[in-house]
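Undergrad: Input structure: query.txt, which contains compact mmCIF, C-alpha atoms and all ligand atoms.
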```txt
# COMPACT_ATOMS: atom_id res chain seq x y z
CA MET Y 16 -6.43 8.49 -40.58
CA ALA Y 17 -6.73 8.52 -36.79
CA LYS Y 18 -10.29 8.69 -35.52
CA GLY Y 19 -10.77 11.30 -32.77
CA ILE Y 20 -11.75 9.82 -29.44
CA ASN Y 21 -14.03 11.74 -27.08
CA THR Y 22 -15.06 9.23 -24.45
CA ILE Y 23 -13.06 6.32 -23.10
CA GLY Y 24 -14.77 3.40 -21.38
CA VAL Y 25 -12.97 1.06 -19.01
CA LEU Y 26 -13.92 -2.37 -17.69
CA THR Y 27 -12.37 -5.30 -15.84
CA SER Y 28 -13.21 -8.83 -16.93
CA GLY Y 29 -12.41 -12.44 -15.95
CA GLY Y 30 -10.59 -13.17 -12.68
CA ASP Y 31 -9.66 -10.08 -10.65
CA ALA Y 32 -6.03 -9.25 -9.90
CA PRO Y 33 -4.33 -6.84 -7.47
CA GLY Y 34 -3.29 -3.73 -9.39
CA MET Y 35 -6.43 -3.56 -11.51
CA ASN Y 36 -7.47 -0.49 -9.51
CA ALA Y 37 -4.14 1.19 -10.24
CA ALA Y 38 -4.77 0.55 -13.95
CA ILE Y 39 -8.34 1.90 -13.78
CA ARG Y 40 -7.12 4.99 -11.91
CA ALA Y 41 -4.42 5.60 -14.52
CA VAL Y 42 -6.90 5.24 -17.39
CA VAL Y 43 -9.29 7.69 -15.74
CA ARG Y 44 -6.70 10.32 -14.84
CA LYS Y 45 -4.64 10.12 -18.03
CA ALA Y 46 -7.78 10.32 -20.16
CA ILE Y 47 -9.04 13.35 -18.21
CA SER Y 48 -5.65 15.00 -18.50
CA GLU Y 49 -5.93 14.52 -22.30
CA GLY Y 50 -9.33 16.24 -22.25
CA LYS Y 51 -11.42 13.06 -22.66
CA LYS Y 52 -14.50 11.92 -20.78
CA VAL Y 53 -14.34 8.57 -18.98
CA LYS Y 54 -17.06 6.03 -18.31
CA GLY Y 55 -16.70 3.08 -15.97
CA ILE Y 56 -18.44 -0.10 -17.11
CA TYR Y 57 -19.27 -2.28 -14.11
CA LYS Y 58 -19.06 -6.12 -13.98
CA GLY Y 59 -17.20 -6.70 -17.22
CA TYR Y 60 -19.04 -7.50 -20.45
CA ASN Y 61 -22.12 -8.36 -18.37
CA GLY Y 62 -22.33 -4.77 -17.20
CA LEU Y 63 -21.79 -3.55 -20.76
CA LEU Y 64 -24.79 -5.56 -21.98
CA ASN Y 65 -26.84 -4.44 -18.96
CA GLU Y 66 -25.70 -0.82 -19.39
CA GLU Y 67 -24.21 -0.61 -15.89
CA ILE Y 68 -22.21 2.43 -16.93
CA LYS Y 69 -21.28 5.56 -14.95
CA ASP Y 70 -19.22 8.67 -15.62
CA LEU Y 71 -15.94 8.60 -13.72
CA THR Y 72 -14.14 11.69 -12.45
CA ALA Y 73 -10.58 11.99 -11.18
CA ARG Y 74 -12.00 11.99 -7.62
CA ASP Y 75 -13.89 8.72 -8.19
CA VAL Y 76 -10.56 6.91 -8.28
CA SER Y 77 -9.08 8.60 -5.19
CA ASP Y 78 -7.87 6.18 -2.50
CA THR Y 79 -7.95 3.20 -4.86
CA ILE Y 80 -4.31 2.61 -5.84
CA SER Y 81 -3.54 0.65 -2.67
CA LYS Y 82 -6.69 -1.47 -2.78
CA GLY Y 83 -6.97 -5.06 -3.99
CA GLY Y 84 -9.86 -6.29 -6.14
CA THR Y 85 -11.46 -4.04 -8.72
CA ILE Y 86 -13.69 -1.05 -7.97
CA LEU Y 87 -15.50 -1.79 -11.26
CA TYR Y 88 -16.22 -5.38 -10.16
CA THR Y 89 -15.68 -8.18 -12.63
CA ALA Y 90 -17.63 -11.01 -14.20
CA ARG Y 91 -17.63 -13.71 -16.80
CA CYS Y 92 -20.31 -13.29 -19.46
CA ALA Y 93 -21.43 -16.20 -21.63
CA GLU Y 94 -23.68 -13.98 -23.76
CA PHE Y 95 -20.73 -11.92 -24.91
CA ARG Y 96 -19.23 -14.99 -26.58
CA THR Y 97 -22.09 -14.88 -29.09
CA GLU Y 98 -22.19 -12.66 -32.18
CA GLU Y 99 -25.49 -11.20 -31.00
CA GLY Y 100 -24.01 -10.30 -27.62
CA GLN Y 101 -21.01 -8.65 -29.26
CA LYS Y 102 -23.19 -6.60 -31.64
CA ARG Y 103 -25.30 -5.47 -28.72
CA GLY Y 104 -22.12 -4.56 -26.79
CA ALA Y 105 -20.97 -2.35 -29.67
CA GLU Y 106 -24.43 -0.73 -29.85
CA VAL Y 107 -24.35 0.01 -26.11
CA CYS Y 108 -20.92 1.61 -26.50
CA ARG Y 109 -22.26 3.83 -29.30
CA LYS Y 110 -25.39 4.68 -27.31
CA HIS Y 111 -23.23 5.88 -24.39
CA GLY Y 112 -20.82 7.72 -26.68
CA ILE Y 113 -17.95 5.33 -25.82
CA ASP Y 114 -15.64 5.42 -28.82
CA GLY Y 115 -12.58 3.96 -27.10
CA LEU Y 116 -12.55 1.07 -24.64
CA VAL Y 117 -9.88 -0.26 -22.29
CA VAL Y 118 -10.42 -3.90 -21.34
CA ILE Y 119 -8.41 -5.16 -18.36
CA GLY Y 120 -8.35 -8.96 -18.22
CA GLY Y 121 -6.83 -12.07 -19.75
CA ASP Y 122 -6.86 -13.71 -23.18
CA GLY Y 123 -10.62 -14.38 -23.06
CA SER Y 124 -11.32 -10.73 -22.34
CA PHE Y 125 -9.00 -9.73 -25.20
CA ALA Y 126 -10.95 -12.00 -27.55
CA GLY Y 127 -14.02 -9.96 -26.58
CA ALA Y 128 -12.14 -6.70 -27.21
CA GLN Y 129 -11.09 -8.00 -30.62
CA LYS Y 130 -14.73 -8.63 -31.53
CA LEU Y 131 -15.69 -5.10 -30.47
CA ALA Y 132 -12.80 -3.70 -32.50
CA ASN Y 133 -14.15 -5.54 -35.56
CA LEU Y 134 -17.47 -3.84 -34.89
CA GLY Y 135 -15.91 -0.37 -34.96
CA ILE Y 136 -15.20 0.33 -31.27
CA ASN Y 137 -11.55 1.23 -30.70
CA THR Y 138 -10.22 -1.17 -28.08
CA VAL Y 139 -7.03 -1.69 -26.09
CA GLY Y 140 -6.43 -4.63 -23.76
CA LEU Y 141 -4.33 -4.56 -20.58
CA PRO Y 142 -3.02 -7.89 -19.23
CA GLY Y 143 -4.71 -8.40 -15.87
CA THR Y 144 -4.25 -11.86 -14.36
CA ILE Y 145 -2.32 -13.36 -11.46
CA ASP Y 146 -1.40 -16.30 -13.69
CA LEU Y 147 1.26 -14.57 -15.88
CA ASP Y 148 -0.06 -16.68 -18.76
CA ILE Y 149 -0.40 -14.05 -21.48
CA ALA Y 150 2.08 -14.83 -24.23
CA CYS Y 151 2.90 -11.34 -25.51
CA THR Y 152 4.06 -10.03 -22.15
CA GLU Y 153 6.62 -10.87 -19.46
CA TYR Y 154 4.48 -9.06 -16.88
CA THR Y 155 0.78 -9.26 -16.03
CA ILE Y 156 -1.03 -7.03 -13.57
CA GLY Y 157 -1.41 -8.90 -10.26
CA PHE Y 158 1.22 -11.63 -10.66
CA ASP Y 159 3.79 -9.88 -8.48
CA THR Y 160 1.35 -9.38 -5.60
CA ALA Y 161 -0.05 -12.91 -5.88
CA VAL Y 162 3.33 -14.55 -5.93
CA ASN Y 163 4.49 -12.50 -2.92
CA THR Y 164 1.30 -13.41 -1.04
CA ALA Y 165 1.85 -17.08 -1.83
CA MET Y 166 5.55 -16.86 -0.93
CA GLU Y 167 4.79 -15.40 2.51
CA ALA Y 168 2.14 -18.04 3.19
CA ILE Y 169 4.47 -20.86 2.10
CA ASP Y 170 7.25 -19.52 4.41
CA LYS Y 171 4.80 -19.90 7.29
CA VAL Y 172 3.83 -23.44 6.33
CA ARG Y 173 7.50 -24.26 5.99
CA ASP Y 174 8.20 -23.16 9.60
CA THR Y 175 5.70 -25.59 11.05
CA SER Y 176 6.68 -28.25 8.53
CA THR Y 177 10.28 -28.06 9.79
CA SER Y 178 9.27 -28.14 13.47
CA HIS Y 179 7.28 -31.33 12.94
CA GLU Y 180 9.68 -32.76 10.34
CA ARG Y 181 6.77 -33.15 7.96
CA CYS Y 182 6.15 -33.13 4.27
CA SER Y 183 3.84 -30.27 3.18
CA ILE Y 184 1.98 -30.06 -0.07
CA ILE Y 185 0.98 -26.48 -0.76
CA GLU Y 186 -1.44 -25.86 -3.59
CA VAL Y 187 -1.13 -22.53 -5.38
CA MET Y 188 -3.36 -21.04 -8.08
CA GLY Y 189 -2.93 -21.75 -11.76
CA ARG Y 190 -5.37 -24.05 -13.51
CA ASN Y 191 -3.43 -24.13 -16.76
CA ALA Y 192 -0.30 -22.18 -15.85
CA GLY Y 193 2.53 -23.06 -13.47
CA TYR Y 194 4.20 -19.65 -13.17
CA ILE Y 195 3.12 -19.04 -9.55
CA ALA Y 196 4.28 -22.54 -8.63
CA LEU Y 197 7.61 -22.07 -10.45
CA TRP Y 198 8.37 -18.69 -8.86
CA CYS Y 199 7.39 -19.92 -5.38
CA GLY Y 200 9.39 -23.06 -6.00
CA ILE Y 201 12.49 -20.91 -6.37
CA ALA Y 202 11.57 -18.24 -3.78
CA ASN Y 203 10.56 -20.74 -1.10
CA GLY Y 204 13.20 -23.35 -1.86
CA ALA Y 205 10.67 -26.11 -2.48
CA GLU Y 206 11.93 -29.67 -2.75
CA ASP Y 207 9.41 -30.44 -5.51
CA ILE Y 208 7.22 -28.35 -7.83
CA LEU Y 209 4.34 -29.77 -9.81
CA LEU Y 210 3.45 -27.66 -12.82
CA PRO Y 211 0.54 -28.39 -15.21
CA GLU Y 212 2.95 -27.86 -18.12
CA LYS Y 213 5.53 -30.36 -16.81
CA TYR Y 214 4.18 -32.89 -14.30
CA ASP Y 215 4.29 -36.48 -15.55
CA TYR Y 216 1.99 -37.83 -12.79
CA ASP Y 217 4.72 -40.22 -11.66
CA GLU Y 218 3.96 -40.15 -7.92
CA GLN Y 219 6.53 -42.86 -7.20
CA LYS Y 220 9.25 -40.41 -8.29
CA LEU Y 221 7.94 -37.91 -5.72
CA ILE Y 222 7.86 -40.59 -3.03
CA ASN Y 223 11.44 -41.64 -3.84
CA ASN Y 224 12.55 -38.02 -3.64
CA ILE Y 225 10.96 -37.56 -0.19
CA ILE Y 226 12.76 -40.65 1.09
CA ALA Y 227 16.01 -39.45 -0.48
CA THR Y 228 15.80 -35.92 1.00
CA ARG Y 229 15.11 -37.43 4.45
CA LYS Y 230 18.27 -39.52 4.10
CA ARG Y 231 20.20 -36.36 3.17
CA GLY Y 232 19.08 -34.82 6.48
CA LYS Y 233 16.32 -32.46 5.33
CA LYS Y 234 13.87 -31.62 8.10
CA HIS Y 235 10.94 -30.83 5.84
CA HIS Y 236 9.85 -31.57 2.32
CA ILE Y 237 7.90 -28.83 0.59
CA ILE Y 238 5.93 -29.72 -2.52
CA ILE Y 239 4.36 -26.81 -4.37
CA ASN Y 240 1.47 -28.14 -6.37
CA ALA Y 241 -0.31 -26.03 -8.99
CA GLU Y 242 -4.11 -25.96 -8.90
CA GLY Y 243 -4.27 -27.51 -12.38
CA ILE Y 244 -2.86 -30.75 -10.92
CA GLY Y 245 -4.82 -30.35 -7.69
CA HIS Y 246 -5.91 -33.26 -5.46
CA SER Y 247 -3.40 -32.15 -2.80
CA THR Y 248 -5.30 -33.72 0.11
CA SER Y 249 -5.51 -37.20 -1.38
CA MET Y 250 -1.93 -36.90 -2.62
CA ALA Y 251 -0.86 -36.14 0.98
CA ARG Y 252 -2.62 -39.25 2.27
CA ARG Y 253 -0.94 -41.47 -0.33
CA ILE Y 254 2.49 -39.94 0.27
CA GLU Y 255 2.22 -40.40 4.04
CA ALA Y 256 1.21 -44.04 3.60
CA ALA Y 257 4.06 -44.73 1.17
CA THR Y 258 6.85 -42.85 2.97
CA GLY Y 259 5.88 -42.96 6.64
CA VAL Y 260 6.55 -39.20 6.71
CA GLU Y 261 3.66 -37.20 8.20
CA THR Y 262 2.21 -35.17 5.33
CA ARG Y 263 -0.23 -32.26 5.32
CA ALA Y 264 -1.91 -30.37 2.49
CA THR Y 265 -2.62 -26.64 2.44
CA ILE Y 266 -4.66 -25.07 -0.34
CA LEU Y 267 -3.96 -21.34 -0.53
CA GLY Y 268 -6.91 -20.60 -2.85
CA HIS Y 269 -8.38 -17.18 -3.49
CA MET Y 270 -6.33 -15.36 -0.83
CA GLN Y 271 -3.74 -15.22 -3.63
CA ARG Y 272 -6.04 -12.99 -5.69
CA GLY Y 273 -6.63 -10.37 -3.00
CA GLY Y 274 -4.69 -7.85 -0.96
CA SER Y 275 -2.97 -4.55 -1.46
CA PRO Y 276 -0.88 -4.55 -4.66
CA THR Y 277 2.90 -4.49 -4.46
CA CYS Y 278 4.85 -1.45 -5.60
CA LYS Y 279 5.64 -3.18 -8.89
CA ASP Y 280 1.98 -3.95 -9.60
CA ARG Y 281 0.95 -0.37 -8.76
CA VAL Y 282 3.64 1.18 -10.93
CA TYR Y 283 3.41 -1.15 -13.95
CA ALA Y 284 -0.40 -1.11 -13.90
CA SER Y 285 -0.31 2.70 -13.77
CA MET Y 286 2.10 2.86 -16.70
CA MET Y 287 0.01 0.42 -18.72
CA GLY Y 288 -3.22 2.32 -18.02
CA ALA Y 289 -1.66 5.55 -19.23
CA TYR Y 290 -0.16 3.79 -22.27
CA ALA Y 291 -3.60 2.42 -23.22
CA VAL Y 292 -5.05 5.92 -23.20
CA ASP Y 293 -2.18 7.19 -25.37
CA LEU Y 294 -2.88 4.43 -27.90
CA LEU Y 295 -6.57 5.32 -28.05
CA CYS Y 296 -5.77 9.03 -28.38
CA GLU Y 297 -3.51 8.15 -31.33
CA GLY Y 298 -6.48 6.43 -32.98
CA LYS Y 299 -5.11 2.92 -32.47
CA THR Y 300 -7.42 -0.04 -32.00
CA ASN Y 301 -7.29 -3.81 -31.48
CA ARG Y 302 -4.10 -3.50 -29.43
CA VAL Y 303 -2.79 -5.17 -26.26
CA VAL Y 304 -0.22 -3.52 -24.02
CA GLY Y 305 2.62 -5.78 -22.89
CA TYR Y 306 5.99 -5.52 -21.18
CA ARG Y 307 8.97 -7.06 -22.94
CA HIS Y 308 12.74 -6.64 -22.87
CA GLY Y 309 12.54 -3.88 -20.26
CA ASP Y 310 9.84 -1.71 -21.78
CA PHE Y 311 6.13 -1.32 -22.46
CA GLN Y 312 5.05 -2.22 -25.98
CA ASP Y 313 1.82 -2.82 -27.82
CA PHE Y 314 0.75 -5.68 -30.05
CA ASP Y 315 -2.08 -6.39 -32.43
CA ILE Y 316 -4.67 -8.43 -30.47
CA ASN Y 317 -4.91 -11.07 -33.23
CA GLU Y 318 -1.13 -11.55 -33.14
CA ALA Y 319 -1.02 -11.47 -29.34
CA LEU Y 320 -3.67 -14.18 -29.09
CA ALA Y 321 -1.76 -16.37 -31.57
CA MET Y 322 1.49 -16.17 -29.56
CA GLN Y 323 2.60 -19.11 -27.41
CA LYS Y 324 4.33 -19.07 -24.05
CA SER Y 325 5.80 -21.90 -22.02
CA ILE Y 326 7.64 -22.43 -18.76
CA PRO Y 327 11.28 -21.46 -19.40
CA GLU Y 328 13.23 -24.73 -19.32
CA TYR Y 329 16.33 -23.19 -17.72
CA TRP Y 330 14.33 -21.67 -14.85
CA TYR Y 331 12.75 -25.07 -14.23
CA ARG Y 332 16.13 -26.82 -14.24
CA VAL Y 333 17.58 -24.21 -11.85
CA SER Y 334 14.65 -24.68 -9.47
CA ARG Y 335 15.40 -28.41 -9.43
CA ALA Y 336 19.15 -27.93 -8.98
CA LEU Y 337 18.66 -25.58 -6.02
CA SER Y 338 16.36 -27.98 -4.20
CA ILE Y 339 18.93 -30.69 -3.42
P1 LIG Y 401 -9.77 -14.08 -18.97
O1 LIG Y 401 -10.07 -12.79 -19.60
O2 LIG Y 401 -9.14 -13.97 -17.62
O3 LIG Y 401 -9.05 -15.04 -19.89
P2 LIG Y 401 -12.23 -15.59 -19.44
O4 LIG Y 401 -11.62 -16.55 -20.39
O5 LIG Y 401 -13.17 -16.09 -18.40
O6 LIG Y 401 -11.15 -14.77 -18.58
O7 LIG Y 401 -12.95 -14.46 -20.33
C1 LIG Y 401 -13.58 -13.38 -19.71
C2 LIG Y 401 -14.79 -13.01 -20.52
O8 LIG Y 401 -14.38 -12.57 -21.82
C3 LIG Y 401 -15.77 -14.13 -20.81
O9 LIG Y 401 -16.66 -14.35 -19.74
C4 LIG Y 401 -16.50 -13.62 -22.03
O10 LIG Y 401 -17.48 -12.67 -21.67
C5 LIG Y 401 -15.37 -12.89 -22.77
N1 LIG Y 401 -14.82 -13.78 -23.80
C6 LIG Y 401 -14.03 -14.85 -23.64
N2 LIG Y 401 -13.75 -15.45 -24.81
C7 LIG Y 401 -14.42 -14.76 -25.75
C8 LIG Y 401 -14.54 -14.87 -27.17
N3 LIG Y 401 -13.92 -15.83 -27.85
N4 LIG Y 401 -15.30 -13.95 -27.82
C9 LIG Y 401 -15.93 -12.97 -27.14
N5 LIG Y 401 -15.84 -12.81 -25.80
C10 LIG Y 401 -15.10 -13.67 -25.11
O1 LIG Y 402 -7.03 -16.81 -13.80
C1 LIG Y 402 -6.83 -16.51 -12.46
C2 LIG Y 402 -7.30 -17.65 -11.59
O2 LIG Y 402 -7.11 -17.29 -10.24
C3 LIG Y 402 -6.65 -19.01 -11.87
O3 LIG Y 402 -5.37 -19.14 -11.30
C4 LIG Y 402 -7.66 -19.94 -11.28
O4 LIG Y 402 -7.57 -21.20 -11.87
C5 LIG Y 402 -8.96 -19.26 -11.61
O5 LIG Y 402 -8.68 -17.89 -11.78
C6 LIG Y 402 -10.00 -19.44 -10.55
O6 LIG Y 402 -11.18 -18.87 -10.98
P1 LIG Y 402 -12.46 -18.68 -10.05
O7 LIG Y 402 -12.28 -17.36 -9.36
O8 LIG Y 402 -13.59 -18.66 -10.99
O9 LIG Y 402 -12.47 -19.79 -9.06
```
Please re-express this file's structure in structure tokens.
TA:
Amino acid sequence: MAKGINTIGVLTSGGDAPGMNAAIRAVVRKAISEGKKVKGIYKGYNGLLNEEIKDLTARDVSDTISKGGTILYTARCAEFRTEEGQKRGAEVCRKHGIDGLVVIGGDGSFAGAQKLANLGINTVGLPGTIDLDIACTEYTIGFDTAVNTAMEAIDKVRDTSTSHERCSIIEVMGRNAGYIALWCGIANGAEDILLPEKYDYDEQKLINNIIATRKRGKKHHIIINAEGIGHSTSMARRIEAATGVETRATILGHMQRGGSPTCKDRVYASMMGAYAVDLLCEGKTNRVVGYRHGDFQDFDINEALAMQKSIPEYWYRVSRALSI
């Protein structure tokens, strides 16, 4: 039988992502419109353990939908990985009357939510990461903004790369996931893309391709390198020495995590925030909200964490075919 929820807590955890504020705002306003109280938990699971918790009103989230970052701040919390930390987290929730919790973050944050669910706190996870690396969903909050930010930056590097007839290695975020690199590879028309999931570390192949594209009359050679492969600066030095083509490295870094969210990130994050509140109001727990086949859906956290996702082979092949 569904357990009645009175107070919904919300926190952001792990790396921040543009659109997290839209999700927080939606949680707050949808919950209030359902007659619930809302509490903001600051700095992720750290703030839960330190009881950095404040009531949130509909006005507290005014003027936030267009802002990057997260108004609740975010953190990584080693203590919450321990059983003791998790038990204490559940106690803090009970002490503050939080009987439903929305956790906005990635797989690690969902693992934390799963532990709280096992300890009797109703939890729902929302996929918040620029990396798009959550298996149960085709959309994650922040990816669209990040990939547009990276795309615009790469266009600029490409202009100067063409003027100087250079090779440019542009490093984008993604320690374990190549989705930003893949999308930019297609959107920016990169000659090469190096993805953690695919790169064979055969630098000679890259060098041969640069020489070949020069012979075909290309004025620049753009290599999009994912952070997980890294070493862009030393790679540039080696490529220049081997090809004779002037080569520069640009590391885009954390600028990809900031900035005003795109329309898509605002709208999808808002929908997901509202959906999470609906799930909690229905008495559901241990769920993750995802977007698949054109609609929002929810999944059991255990099942969601067991799902696998990989770079779609056809997309990769198309990106290669279009770079000739
Ligand atoms: P993300 O949520 O983006 O994957 P992390 O992997 O850094 O980011 O996880 C964020 C936080 O979630 C961690 O700092 C920790 O507090 C919590 N967390 C991660 N894994 C677990 C786990 N297995 N059990 C409990 N909490 C976890
Ligand atoms: O998960 C998002 C992400 O930006 C990754 O792409 C990147 O590898 C990581 O976070 C960087 O984390 P930090 O902010 O701790 O440097």
Undergrad: Could the residues that lie within 7 Å of ligand LIG 402 (chain Y), counting only C-alpha atoms and all ligand atoms, be listed as a count of residues only?
TA: 10
Undergrad: Residues of chain Y within 6 Å of ligand LIG 401 (chain Y): nearest atom pair and distance (Å, one decimal) for each, counting all atoms listed in the file, sorted by chain and number, as a Markdown table?
TA:
```
| residue | atom | partner | partner_atom | distance |
| --- | --- | --- | --- | --- |
| Y:Ser28 | CA | Y:LIG401 | C1 | 5.3 |
| Y:Gly29 | CA | Y:LIG401 | O6 | 3.7 |
| Y:Gly30 | CA | Y:LIG401 | O2 | 5.2 |
| Y:Tyr60 | CA | Y:LIG401 | O10 | 5.5 |
| Y:Arg91 | CA | Y:LIG401 | O9 | 3.2 |
| Y:Cys92 | CA | Y:LIG401 | O10 | 3.6 |
| Y:Ala93 | CA | Y:LIG401 | O10 | 5.3 |
| Y:Phe95 | CA | Y:LIG401 | O10 | 4.7 |
| Y:Arg96 | CA | Y:LIG401 | C9 | 3.9 |
| Y:Gly120 | CA | Y:LIG401 | O1 | 4.4 |
| Y:Gly121 | CA | Y:LIG401 | O1 | 3.3 |
| Y:Asp122 | CA | Y:LIG401 | O3 | 4.2 |
| Y:Gly123 | CA | Y:LIG401 | C6 | 3.5 |
| Y:Ser124 | CA | Y:LIG401 | O8 | 3.6 |
| Y:Ala126 | CA | Y:LIG401 | C8 | 4.6 |
| Y:Gly127 | CA | Y:LIG401 | N5 | 3.5 |
```
Undergrad: Counting all atoms listed in the file, note down every residue that has an atom within 12 Å of the point (-3.4, -7.2, 1.3) (file coordinates), as a PDB file with C-alpha atoms, in the coordinates of the input.
TA:
```pdb
ATOM      1  CA  ALA Y  32      -6.030  -9.250  -9.900  1.00  0.00           C
ATOM      2  CA  PRO Y  33      -4.330  -6.840  -7.470  1.00  0.00           C
ATOM      3  CA  GLY Y  34      -3.290  -3.730  -9.390  1.00  0.00           C
ATOM      4  CA  SER Y  81      -3.540   0.650  -2.670  1.00  0.00           C
ATOM      5  CA  LYS Y  82      -6.690  -1.470  -2.780  1.00  0.00           C
ATOM      6  CA  GLY Y  83      -6.970  -5.060  -3.990  1.00  0.00           C
ATOM      7  CA  GLY Y  84      -9.860  -6.290  -6.140  1.00  0.00           C
ATOM      8  CA  GLY Y 157      -1.410  -8.900 -10.260  1.00  0.00           C
ATOM      9  CA  THR Y 160       1.350  -9.380  -5.600  1.00  0.00           C
ATOM     10  CA  ALA Y 161      -0.050 -12.910  -5.880  1.00  0.00           C
ATOM     11  CA  ASN Y 163       4.490 -12.500  -2.920  1.00  0.00           C
ATOM     12  CA  THR Y 164       1.300 -13.410  -1.040  1.00  0.00           C
ATOM     13  CA  ALA Y 165       1.850 -17.080  -1.830  1.00  0.00           C
ATOM     14  CA  GLU Y 167       4.790 -15.400   2.510  1.00  0.00           C
ATOM     15  CA  MET Y 270      -6.330 -15.360  -0.830  1.00  0.00           C
ATOM     16  CA  GLN Y 271      -3.740 -15.220  -3.630  1.00  0.00           C
ATOM     17  CA  ARG Y 272      -6.040 -12.990  -5.690  1.00  0.00           C
ATOM     18  CA  GLY Y 273      -6.630 -10.370  -3.000  1.00  0.00           C
ATOM     19  CA  GLY Y 274      -4.690  -7.850  -0.960  1.00  0.00           C
ATOM     20  CA  SER Y 275      -2.970  -4.550  -1.460  1.00  0.00           C
ATOM     21  CA  PRO Y 276      -0.880  -4.550  -4.660  1.00  0.00           C
ATOM     22  CA  THR Y 277       2.900  -4.490  -4.460  1.00  0.00           C
TER      23      THR Y 277
END
```
Undergrad: Using Å and a single decimal, report how far CA of Val187 in chain Y sits from CA of Gly232 in chain Y.
TA: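 If I compute the distance from CA of Gly232 in chain Y to CA of Val187 in chain Y, I get 26.5 Å.
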Undergrad: Can you tell me, as a ChimeraX atom specification, what residues are no more than 7 Å from range 284-299 of chain Y when counting only C-alpha atoms, ignoring any on the same chain fewer than 6 positions away?
TA: /Y:17-20,34-35,37-39,41-42,45-46,115,117,137,139,141,156
Undergrad: Which residue, Y:Asn203, Y:Thr79, Y:Gln312, Y:Asn191, has the smallest gap to Ser338 in chain Y when you use only C-alpha atoms?
TA: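 Using only C-alpha atoms, the shortest distance to Ser338 in chain Y belongs to Y:Asn203.
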Undergrad: Set the distance at 12 Å and use all atoms listed in the file: which residues neighbour Val333 in chain Y once local chain neighbours fewer than 5 positions away are removed? I'd like the list as a PyMOL selection string.
TA: chain Y and resi 197-198+200-202+204-205+208+327-328+338-339
Undergrad: Which value, in Å to one decimal, gives the distance between CA of Ser247 in chain Y and CA of Arg231 in chain Y?
TA: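 CA of Arg231 in chain Y lies at a distance of 24.7 Å from CA of Ser247 in chain Y.
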Undergrad: Smallest atom-to-atom distance to Ala227 in chain Y: which of Y:Val260, Y:Gly50, Y:Phe125, Y:Met322, using all atoms listed in the file?
TA: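 Smallest separation from Ala227 in chain Y among the options: Y:Val260.
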Undergrad: Find, counting all atoms listed in the file, the residue in Y:Gly143, Y:Gly268, Y:Pro211, Y:Gly55 that gets nearest to Cys108 in chain Y.
TA: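 Ranked by minimum distance to Cys108 in chain Y, first place goes to Y:Gly55.
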Undergrad: Please determine, counting all atoms listed in the file, which residue among Y:Cys151, Y:Ser325, Y:Asn36, Y:Thr177 has the shortest atom-to-atom distance to Lys213 in chain Y.
TA: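 Selected residue with least distance to Lys213 in chain Y: Y:Ser325.
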Undergrad: So how far away is CA of Glu98 in chain Y from CA of Lys130 in chain Y, in Å?
TA: 8.5 Å
Undergrad: I want to know what sits within 6 Å of Glu67 in chain Y, based on all atoms listed in the file, with residues of the same chain fewer than 3 positions away left out; could you give that as a ChimeraX atom specification?
TA: /Y:56-57,62
Undergrad: For Ile80 in chain Y, which residue among Y:Tyr331, Y:Asp280, Y:Ala321, Y:Ser178 is the nearest when counting only C-alpha atoms?
TA: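 Among the listed residues, Y:Asp280 lies closest to Ile80 in chain Y.
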Undergrad: Extract, using all atoms listed in the file, all DNA, RNA and protein residues at most 7 Å from Asn21 in chain Y, discarding same-chain residues fewer than 4 positions from it, and format them as a compact mmCIF listing (two decimals) with C-alpha atoms, keeping the file's coordinate frame.
TA:
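The resulting file, selection36.txt, is shown below:
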```txt
# COMPACT_ATOMS: atom_id res chain seq x y z
CA LYS Y 51 -11.42 13.06 -22.66
CA LYS Y 52 -14.50 11.92 -20.78
CA ASP Y 114 -15.64 5.42 -28.82
```
